[in-house]
$ cat target.pdb   # PDB, C-alpha atoms, pLDDT in the B column
MODEL        1
ATOM      1  CA  LYS A   1     100.214 207.757 -27.365  1.00 59.00           C
ATOM      2  CA  ALA A   2      99.628 207.118 -31.060  1.00 74.00           C
ATOM      3  CA  GLY A   3     102.653 207.160 -33.344  1.00 92.00           C
ATOM      4  CA  VAL A   4     103.113 208.911 -36.655  1.00 95.00           C
ATOM      5  CA  THR A   5     100.420 207.868 -39.106  1.00 96.00           C
ATOM      6  CA  GLN A   6     100.884 207.979 -42.839  1.00 97.00           C
ATOM      7  CA  THR A   7      98.256 207.400 -45.497  1.00 97.00           C
ATOM      8  CA  PRO A   8      97.959 205.773 -47.887  1.00 97.00           C
ATOM      9  CA  ARG A   9     100.426 202.980 -47.179  1.00 96.00           C
ATOM     10  CA  TYR A  10     100.631 201.855 -50.786  1.00 96.00           C
ATOM     11  CA  LEU A  11      99.629 203.451 -54.036  1.00 96.00           C
ATOM     12  CA  ILE A  12     100.201 203.022 -57.744  1.00 97.00           C
ATOM     13  CA  LYS A  13     100.154 205.908 -60.190  1.00 97.00           C
ATOM     14  CA  THR A  14     101.079 206.413 -63.816  1.00 97.00           C
ATOM     15  CA  ARG A  15     103.532 208.896 -65.266  1.00 97.00           C
ATOM     16  CA  GLY A  16     102.195 212.408 -65.471  1.00 97.00           C
ATOM     17  CA  GLN A  17      99.714 212.001 -62.644  1.00 97.00           C
ATOM     18  CA  GLN A  18      99.985 213.725 -59.310  1.00 98.00           C
ATOM     19  CA  VAL A  19      99.832 212.292 -55.820  1.00 98.00           C
ATOM     20  CA  THR A  20      99.132 213.599 -52.323  1.00 98.00           C
ATOM     21  CA  LEU A  21     100.444 211.858 -49.234  1.00 98.00           C
ATOM     22  CA  SER A  22      99.263 212.574 -45.717  1.00 98.00           C
ATOM     23  CA  CYS A  23     101.030 212.486 -42.367  1.00 98.00           C
ATOM     24  CA  SER A  24      99.618 212.877 -38.861  1.00 97.00           C
ATOM     25  CA  PRO A  25     102.400 213.510 -36.346  1.00 96.00           C
ATOM     26  CA  ILE A  26     102.552 212.391 -32.744  1.00 94.00           C
ATOM     27  CA  SER A  27     100.315 214.546 -30.602  1.00 93.00           C
ATOM     28  CA  GLY A  28     102.272 217.563 -29.385  1.00 90.00           C
ATOM     29  CA  HIS A  29     104.911 217.369 -32.104  1.00 90.00           C
ATOM     30  CA  ARG A  30     104.938 220.508 -34.207  1.00 89.00           C
ATOM     31  CA  SER A  31     107.795 219.676 -36.554  1.00 91.00           C
ATOM     32  CA  VAL A  32     107.155 217.357 -39.480  1.00 94.00           C
ATOM     33  CA  SER A  33     109.827 216.256 -41.943  1.00 94.00           C
ATOM     34  CA  TRP A  34     109.509 214.286 -45.145  1.00 96.00           C
ATOM     35  CA  TYR A  35     112.087 211.900 -46.593  1.00 95.00           C
ATOM     36  CA  GLN A  36     112.333 209.860 -49.759  1.00 96.00           C
ATOM     37  CA  GLN A  37     113.910 206.426 -49.467  1.00 93.00           C
ATOM     38  CA  THR A  38     115.216 204.647 -52.532  1.00 88.00           C
ATOM     39  CA  PRO A  39     117.583 201.654 -52.723  1.00 78.00           C
ATOM     40  CA  GLY A  40     121.192 202.777 -52.438  1.00 73.00           C
ATOM     41  CA  GLN A  41     120.293 206.405 -51.720  1.00 77.00           C
ATOM     42  CA  GLY A  42     119.209 206.142 -48.140  1.00 84.00           C
ATOM     43  CA  LEU A  43     116.859 208.751 -46.801  1.00 91.00           C
ATOM     44  CA  GLN A  44     116.863 211.900 -48.869  1.00 93.00           C
ATOM     45  CA  PHE A  45     115.524 214.959 -47.082  1.00 92.00           C
ATOM     46  CA  LEU A  46     112.592 216.638 -48.834  1.00 94.00           C
ATOM     47  CA  PHE A  47     111.400 219.361 -46.470  1.00 91.00           C
ATOM     48  CA  GLU A  48     110.550 220.210 -42.902  1.00 91.00           C
ATOM     49  CA  TYR A  49     107.564 222.117 -41.578  1.00 92.00           C
ATOM     50  CA  PHE A  50     107.012 223.778 -38.255  1.00 90.00           C
ATOM     51  CA  SER A  51     103.911 225.723 -37.269  1.00 90.00           C
ATOM     52  CA  GLU A  52     102.623 225.669 -40.852  1.00 93.00           C
ATOM     53  CA  THR A  53     105.869 227.143 -42.201  1.00 92.00           C
ATOM     54  CA  GLN A  54     108.455 225.394 -44.311  1.00 91.00           C
ATOM     55  CA  ARG A  55     111.725 225.818 -42.415  1.00 87.00           C
ATOM     56  CA  ASN A  56     113.985 223.634 -44.508  1.00 85.00           C
ATOM     57  CA  LYS A  57     114.041 222.258 -47.998  1.00 88.00           C
ATOM     58  CA  GLY A  58     116.149 219.572 -49.645  1.00 90.00           C
ATOM     59  CA  ASN A  59     117.406 219.416 -53.215  1.00 91.00           C
ATOM     60  CA  PHE A  60     114.296 218.203 -54.958  1.00 95.00           C
ATOM     61  CA  PRO A  61     112.588 219.781 -57.979  1.00 96.00           C
ATOM     62  CA  GLY A  62     109.601 222.058 -57.608  1.00 96.00           C
ATOM     63  CA  ARG A  63     107.277 219.168 -58.487  1.00 97.00           C
ATOM     64  CA  PHE A  64     107.649 218.169 -54.851  1.00 98.00           C
ATOM     65  CA  SER A  65     105.732 220.382 -52.483  1.00 97.00           C
ATOM     66  CA  GLY A  66     104.212 220.208 -49.077  1.00 97.00           C
ATOM     67  CA  ARG A  67     102.204 222.010 -46.493  1.00 96.00           C
ATOM     68  CA  GLN A  68     101.312 221.801 -42.850  1.00 96.00           C
ATOM     69  CA  PHE A  69      97.985 222.546 -41.256  1.00 96.00           C
ATOM     70  CA  SER A  70      97.199 224.245 -37.966  1.00 94.00           C
ATOM     71  CA  ASN A  71      96.775 220.848 -36.262  1.00 93.00           C
ATOM     72  CA  SER A  72     100.342 219.941 -37.382  1.00 93.00           C
ATOM     73  CA  ARG A  73      99.133 217.390 -39.901  1.00 96.00           C
ATOM     74  CA  SER A  74     101.134 217.584 -43.089  1.00 97.00           C
ATOM     75  CA  GLU A  75     100.698 216.687 -46.716  1.00 98.00           C
ATOM     76  CA  MET A  76     103.182 216.350 -49.509  1.00 98.00           C
ATOM     77  CA  ASN A  77     102.331 216.511 -53.175  1.00 98.00           C
ATOM     78  CA  VAL A  78     104.221 215.319 -56.195  1.00 98.00           C
ATOM     79  CA  SER A  79     103.016 216.577 -59.551  1.00 96.00           C
ATOM     80  CA  THR A  80     103.775 215.268 -63.037  1.00 97.00           C
ATOM     81  CA  LEU A  81     105.016 211.963 -61.687  1.00 97.00           C
ATOM     82  CA  GLU A  82     108.078 210.338 -63.212  1.00 97.00           C
ATOM     83  CA  LEU A  83     109.213 206.720 -63.025  1.00 96.00           C
ATOM     84  CA  GLY A  84     112.093 207.798 -60.789  1.00 94.00           C
ATOM     85  CA  ASP A  85     109.659 209.065 -58.177  1.00 96.00           C
ATOM     86  CA  SER A  86     108.875 205.476 -57.204  1.00 96.00           C
ATOM     87  CA  ALA A  87     110.039 205.247 -53.617  1.00 95.00           C
ATOM     88  CA  LEU A  88     109.077 204.931 -49.996  1.00 95.00           C
ATOM     89  CA  TYR A  89     108.086 208.333 -48.648  1.00 97.00           C
ATOM     90  CA  LEU A  90     108.626 208.660 -44.934  1.00 96.00           C
ATOM     91  CA  CYS A  91     107.243 211.265 -42.619  1.00 96.00           C
ATOM     92  CA  ALA A  92     108.823 211.994 -39.256  1.00 95.00           C
ATOM     93  CA  SER A  93     107.782 214.216 -36.408  1.00 93.00           C
ATOM     94  CA  THR A  94     109.701 215.592 -33.481  1.00 88.00           C
ATOM     95  CA  TYR A  95     109.071 217.684 -30.408  1.00 80.00           C
ATOM     96  CA  SER A  96     112.249 219.601 -29.806  1.00 69.00           C
ATOM     97  CA  THR A  97     115.115 217.216 -29.167  1.00 66.00           C
ATOM     98  CA  GLY A  98     115.783 216.468 -32.801  1.00 75.00           C
ATOM     99  CA  GLU A  99     115.071 212.766 -32.386  1.00 85.00           C
ATOM    100  CA  LEU A 100     112.830 211.847 -35.274  1.00 90.00           C
ATOM    101  CA  PHE A 101     109.840 209.554 -34.906  1.00 93.00           C
ATOM    102  CA  PHE A 102     108.979 207.980 -38.227  1.00 94.00           C
ATOM    103  CA  GLY A 103     105.772 206.660 -39.663  1.00 95.00           C
ATOM    104  CA  GLU A 104     105.680 203.411 -41.615  1.00 94.00           C
ATOM    105  CA  GLY A 105     105.821 205.258 -44.911  1.00 95.00           C
ATOM    106  CA  SER A 106     103.823 205.480 -48.104  1.00 97.00           C
ATOM    107  CA  ARG A 107     105.160 203.292 -50.885  1.00 96.00           C
ATOM    108  CA  LEU A 108     104.585 204.928 -54.247  1.00 97.00           C
ATOM    109  CA  THR A 109     104.951 203.011 -57.485  1.00 96.00           C
ATOM    110  CA  VAL A 110     104.893 204.968 -60.733  1.00 97.00           C
ATOM    111  CA  LEU A 111     104.168 202.954 -63.872  1.00 96.00           C
TER     112      LEU A 111
ATOM    113  CA  ASP B   1     126.723 216.256 -52.226  1.00 58.00           C
ATOM    114  CA  GLN B   2     126.646 213.384 -49.740  1.00 72.00           C
ATOM    115  CA  GLN B   3     127.520 214.848 -46.373  1.00 90.00           C
ATOM    116  CA  VAL B   4     126.979 211.546 -44.568  1.00 94.00           C
ATOM    117  CA  LYS B   5     128.401 208.381 -46.059  1.00 94.00           C
ATOM    118  CA  GLN B   6     128.002 204.757 -45.164  1.00 95.00           C
ATOM    119  CA  ASN B   7     130.358 202.984 -47.516  1.00 91.00           C
ATOM    120  CA  SER B   8     129.372 199.427 -46.639  1.00 94.00           C
ATOM    121  CA  PRO B   9     126.002 198.472 -48.125  1.00 93.00           C
ATOM    122  CA  SER B  10     125.911 195.275 -46.082  1.00 96.00           C
ATOM    123  CA  LEU B  11     127.613 193.439 -43.236  1.00 97.00           C
ATOM    124  CA  SER B  12     127.295 189.837 -42.122  1.00 97.00           C
ATOM    125  CA  VAL B  13     128.179 188.790 -38.577  1.00 98.00           C
ATOM    126  CA  GLN B  14     127.893 185.614 -36.534  1.00 97.00           C
ATOM    127  CA  GLU B  15     125.551 185.672 -33.542  1.00 97.00           C
ATOM    128  CA  GLY B  16     127.423 186.572 -30.353  1.00 97.00           C
ATOM    129  CA  ARG B  17     130.187 188.442 -32.174  1.00 97.00           C
ATOM    130  CA  ILE B  18     130.675 192.173 -32.474  1.00 98.00           C
ATOM    131  CA  SER B  19     129.039 194.154 -35.288  1.00 98.00           C
ATOM    132  CA  ILE B  20     130.788 197.365 -36.289  1.00 98.00           C
ATOM    133  CA  LEU B  21     128.976 199.758 -38.583  1.00 98.00           C
ATOM    134  CA  ASN B  22     130.866 202.742 -39.912  1.00 98.00           C
ATOM    135  CA  CYS B  23     129.911 206.214 -41.020  1.00 97.00           C
ATOM    136  CA  ASP B  24     131.866 209.198 -42.358  1.00 97.00           C
ATOM    137  CA  TYR B  25     130.775 212.807 -42.600  1.00 96.00           C
ATOM    138  CA  THR B  26     132.129 215.889 -44.273  1.00 94.00           C
ATOM    139  CA  ASN B  27     130.615 218.833 -42.375  1.00 86.00           C
ATOM    140  CA  SER B  28     132.190 219.870 -39.076  1.00 87.00           C
ATOM    141  CA  MET B  29     129.079 221.874 -38.166  1.00 89.00           C
ATOM    142  CA  PHE B  30     126.958 218.896 -37.158  1.00 92.00           C
ATOM    143  CA  ASP B  31     125.824 218.990 -33.524  1.00 91.00           C
ATOM    144  CA  TYR B  32     124.609 215.445 -33.014  1.00 92.00           C
ATOM    145  CA  PHE B  33     125.036 212.108 -34.674  1.00 95.00           C
ATOM    146  CA  LEU B  34     122.360 209.467 -34.488  1.00 95.00           C
ATOM    147  CA  TRP B  35     121.804 205.888 -35.497  1.00 96.00           C
ATOM    148  CA  TYR B  36     118.449 204.630 -36.668  1.00 96.00           C
ATOM    149  CA  LYS B  37     117.398 201.054 -37.254  1.00 97.00           C
ATOM    150  CA  LYS B  38     114.896 199.990 -39.883  1.00 94.00           C
ATOM    151  CA  TYR B  39     113.061 196.719 -40.308  1.00 93.00           C
ATOM    152  CA  PRO B  40     111.249 195.934 -43.574  1.00 88.00           C
ATOM    153  CA  ALA B  41     107.800 197.507 -43.853  1.00 82.00           C
ATOM    154  CA  GLU B  42     108.451 199.720 -40.837  1.00 88.00           C
ATOM    155  CA  GLY B  43     109.715 203.245 -40.444  1.00 91.00           C
ATOM    156  CA  PRO B  44     113.205 203.836 -38.992  1.00 93.00           C
ATOM    157  CA  THR B  45     113.418 203.947 -35.208  1.00 93.00           C
ATOM    158  CA  PHE B  46     115.925 205.847 -33.150  1.00 92.00           C
ATOM    159  CA  LEU B  47     118.656 203.700 -31.612  1.00 95.00           C
ATOM    160  CA  ILE B  48     121.363 205.834 -30.048  1.00 95.00           C
ATOM    161  CA  SER B  49     122.924 209.254 -30.433  1.00 93.00           C
ATOM    162  CA  ILE B  50     126.084 211.128 -29.528  1.00 95.00           C
ATOM    163  CA  SER B  51     126.764 214.800 -29.095  1.00 93.00           C
ATOM    164  CA  SER B  52     129.551 216.278 -31.181  1.00 93.00           C
ATOM    165  CA  ILE B  53     131.365 217.207 -27.963  1.00 94.00           C
ATOM    166  CA  LYS B  54     131.551 213.610 -26.797  1.00 95.00           C
ATOM    167  CA  ASP B  55     133.598 210.717 -28.125  1.00 96.00           C
ATOM    168  CA  LYS B  56     131.630 207.786 -26.791  1.00 97.00           C
ATOM    169  CA  ASN B  57     128.098 206.947 -25.770  1.00 97.00           C
ATOM    170  CA  GLU B  58     126.964 203.577 -24.534  1.00 97.00           C
ATOM    171  CA  ASP B  59     123.499 202.113 -24.126  1.00 96.00           C
ATOM    172  CA  GLY B  60     123.347 198.446 -23.276  1.00 97.00           C
ATOM    173  CA  ARG B  61     124.724 196.417 -26.154  1.00 97.00           C
ATOM    174  CA  PHE B  62     125.097 199.506 -28.327  1.00 98.00           C
ATOM    175  CA  THR B  63     128.039 201.896 -28.240  1.00 98.00           C
ATOM    176  CA  VAL B  64     128.710 204.764 -30.591  1.00 98.00           C
ATOM    177  CA  PHE B  65     132.215 206.174 -31.013  1.00 98.00           C
ATOM    178  CA  LEU B  66     132.960 209.548 -32.532  1.00 97.00           C
ATOM    179  CA  ASN B  67     136.334 210.534 -33.964  1.00 96.00           C
ATOM    180  CA  LYS B  68     136.016 214.205 -34.829  1.00 95.00           C
ATOM    181  CA  SER B  69     139.465 214.586 -36.315  1.00 95.00           C
ATOM    182  CA  ALA B  70     138.727 211.807 -38.787  1.00 96.00           C
ATOM    183  CA  LYS B  71     135.075 212.851 -39.192  1.00 96.00           C
ATOM    184  CA  HIS B  72     134.144 209.272 -38.519  1.00 97.00           C
ATOM    185  CA  LEU B  73     131.725 207.504 -36.245  1.00 97.00           C
ATOM    186  CA  SER B  74     130.969 203.884 -35.647  1.00 98.00           C
ATOM    187  CA  LEU B  75     128.270 201.824 -34.001  1.00 98.00           C
ATOM    188  CA  HIS B  76     129.327 198.727 -32.089  1.00 98.00           C
ATOM    189  CA  ILE B  77     126.796 196.044 -31.217  1.00 98.00           C
ATOM    190  CA  VAL B  78     128.032 193.492 -28.680  1.00 97.00           C
ATOM    191  CA  PRO B  79     126.964 190.742 -28.600  1.00 97.00           C
ATOM    192  CA  SER B  80     125.096 190.684 -31.904  1.00 98.00           C
ATOM    193  CA  GLN B  81     121.746 188.926 -31.961  1.00 97.00           C
ATOM    194  CA  PRO B  82     119.651 187.664 -34.885  1.00 96.00           C
ATOM    195  CA  GLY B  83     117.017 190.284 -34.007  1.00 96.00           C
ATOM    196  CA  ASP B  84     119.577 192.968 -34.772  1.00 97.00           C
ATOM    197  CA  SER B  85     119.330 192.080 -38.461  1.00 97.00           C
ATOM    198  CA  ALA B  86     118.050 195.285 -40.044  1.00 97.00           C
ATOM    199  CA  VAL B  87     119.183 198.307 -42.024  1.00 96.00           C
ATOM    200  CA  TYR B  88     121.098 200.824 -39.929  1.00 97.00           C
ATOM    201  CA  PHE B  89     121.137 204.465 -40.932  1.00 96.00           C
ATOM    202  CA  CYS B  90     123.711 206.909 -39.697  1.00 96.00           C
ATOM    203  CA  ALA B  91     122.389 210.468 -39.376  1.00 95.00           C
ATOM    204  CA  ALA B  92     123.874 213.853 -38.618  1.00 94.00           C
ATOM    205  CA  LEU B  93     121.903 216.698 -37.131  1.00 90.00           C
ATOM    206  CA  ARG B  94     122.673 220.362 -37.359  1.00 87.00           C
ATOM    207  CA  SER B  95     120.874 222.936 -35.224  1.00 81.00           C
ATOM    208  CA  PHE B  96     120.353 226.482 -36.301  1.00 75.00           C
ATOM    209  CA  THR B  97     118.139 229.360 -35.289  1.00 73.00           C
ATOM    210  CA  GLY B  98     114.584 228.221 -35.594  1.00 70.00           C
ATOM    211  CA  GLY B  99     115.163 224.564 -36.222  1.00 74.00           C
ATOM    212  CA  PHE B 100     117.432 221.772 -37.233  1.00 77.00           C
ATOM    213  CA  LYS B 101     118.163 219.532 -40.180  1.00 84.00           C
ATOM    214  CA  THR B 102     118.961 215.826 -40.186  1.00 89.00           C
ATOM    215  CA  ILE B 103     120.991 214.263 -42.988  1.00 91.00           C
ATOM    216  CA  PHE B 104     121.027 210.490 -43.419  1.00 93.00           C
ATOM    217  CA  GLY B 105     123.504 208.099 -44.931  1.00 93.00           C
ATOM    218  CA  ALA B 106     122.538 205.422 -47.441  1.00 92.00           C
ATOM    219  CA  GLY B 107     122.284 202.714 -44.788  1.00 94.00           C
ATOM    220  CA  THR B 108     124.070 199.440 -44.030  1.00 96.00           C
ATOM    221  CA  ARG B 109     122.154 196.189 -44.032  1.00 96.00           C
ATOM    222  CA  LEU B 110     123.278 194.010 -41.110  1.00 98.00           C
ATOM    223  CA  PHE B 111     122.784 190.250 -41.210  1.00 97.00           C
ATOM    224  CA  VAL B 112     123.327 188.412 -37.938  1.00 98.00           C
ATOM    225  CA  LYS B 113     123.589 184.696 -38.523  1.00 96.00           C
ATOM    226  CA  ALA B 114     122.421 182.269 -35.835  1.00 92.00           C
TER     227      ALA B 114
ENDMDL
END

$ encode --input "target.pdb" --output "structure tokens"
Amino acid sequence: KAGVTQTPRYLIKTRGQQVTLSCSPISGHRSVSWYQQTPGQGLQFLFEYFSETQRNKGNFPGRFSGRQFSNSRSEMNVSTLELGDSALYLCASTYSTGELFFGEGSRLTVL
Amino acid sequence: DQQVKQNSPSLSVQEGRISILNCDYTNSMFDYFLWYKKYPAEGPTFLISISSIKDKNEDGRFTVFLNKSAKHLSLHIVPSQPGDSAVYFCAALRSFTGGFKTIFGAGTRLFVKA
């Protein structure tokens, strides 16, 4: 079956703009998590959604938000972009075991 | 507050030798520990896991050891192969009512030299 799909794969924005990233989980997976990867920081947890509800949230400012739709697809939004938001944003889905299946990520560059 | 720490940013090993990647954690409430492997331009992929009630789990060339008293786990790769060159992330999972949360370390880049 198809893996986790993230779009867009690459994007460039300028400071102050906002961005929306999309994630389609593996069919049947209802939990979707988002992570930010930056050099030296590893994977920083942003939030997790299950059945359209945010169940968990990491320590990121309110500029980072997300949502999940009834078909389990998820989006994350970053408003008022800052240079430090440049990173690889990874989406992961899971069924129930906790093992995360990751997409290839969306690489955001903020100029 | 880094609950999962990988203190070695990189490790270089000769092909055929053992690779040992280390990870420390601070929270005794974690239920599972997992290792993920990441190649450039790809998302991380699950490699191996261990329950917090076990002290060893083996899968082919990969073995994970858990020392709960020291809050330390390690991943052993024997024998190491050039294709093992990647970034390895240690992760800790905690279950709670209604879900779970996975915390990752900063990663260790493994170079296996032919």

$ resolve_selection --input "target.pdb" --expression "the ChimeraX specification (/A :<12) & /B" --output "MDAnalysis selection string"
chainID B and resid 1:10 31:51 87:109

$ atom_distance --input "target.pdb" --atom1 "CA of Thr5 (chain A)" --atom2 "CA of Glu82 (chain A)"
25.4 Å

$ atom_distance --input "target.pdb" --atom1 "CA of Asp59 (chain B)" --atom2 "CA of Gln14 (chain B)"
21.1 Å

$ resolve_selection --input "target.pdb" --expression "the PyMOL selection byres ((chain B and resi 67-80) around 8)" --output "list in words"
Val13, Gln14, Glu15, Gly16, Arg17, Ile18, Ser19, Ile20, Leu21, Asn22, Cys23, Asp24, Tyr25, Thr26, Ser28, Trp35, Ser52, Asp55, Arg61, Phe62, Thr63, Val64, Phe65, Leu66, Gln81, Pro82, Asp84 and Val112 of chain B

$ axis_aligned_box --input "target.pdb" --around "region 96-104 of chain B" --padding-each-side "8 Å" --output "JSON"
{"center_x": 117.8, "center_y": 219.9, "center_z": -39.4, "size_x": 22.4, "size_y": 34.9, "size_z": 24.1}

$ atom_distance --input "target.pdb" --atom1 "CA of Leu11 (chain A)" --atom2 "CA of Ala86 (chain B)"
24.5 Å

$ residues_around --input "target.pdb" --residues "Pro61 (chain A)" --least-positions-apart "6" --cutoff "12 Å" --atoms "only C-alpha atoms" --output "ChimeraX atom specification"
/A:46-47,77-82,85

$ residues_around --input "target.pdb" --residues "Val110 (chain A)" --least-positions-apart "2" --cutoff "9 Å" --atoms "all atoms listed in the file" --output "list of chain:residue names"
A:Leu11, A:Ile12, A:Lys13, A:Thr14, A:Arg15, A:Gln17, A:Leu81, A:Glu82, A:Leu83, A:Gly84, A:Asp85, A:Ser86, A:Ala87, A:Leu108

$ resolve_selection --input "target.pdb" --expression "the PyMOL selection byres ((chain A and resi 20-26) around 6)" --output "list in words"
Gly3, Val4, Thr5, Gln6, Thr7, Val19, Ser27, His29, Arg73, Ser74, Glu75, Met76, Asn77 and Ser93 of chain A
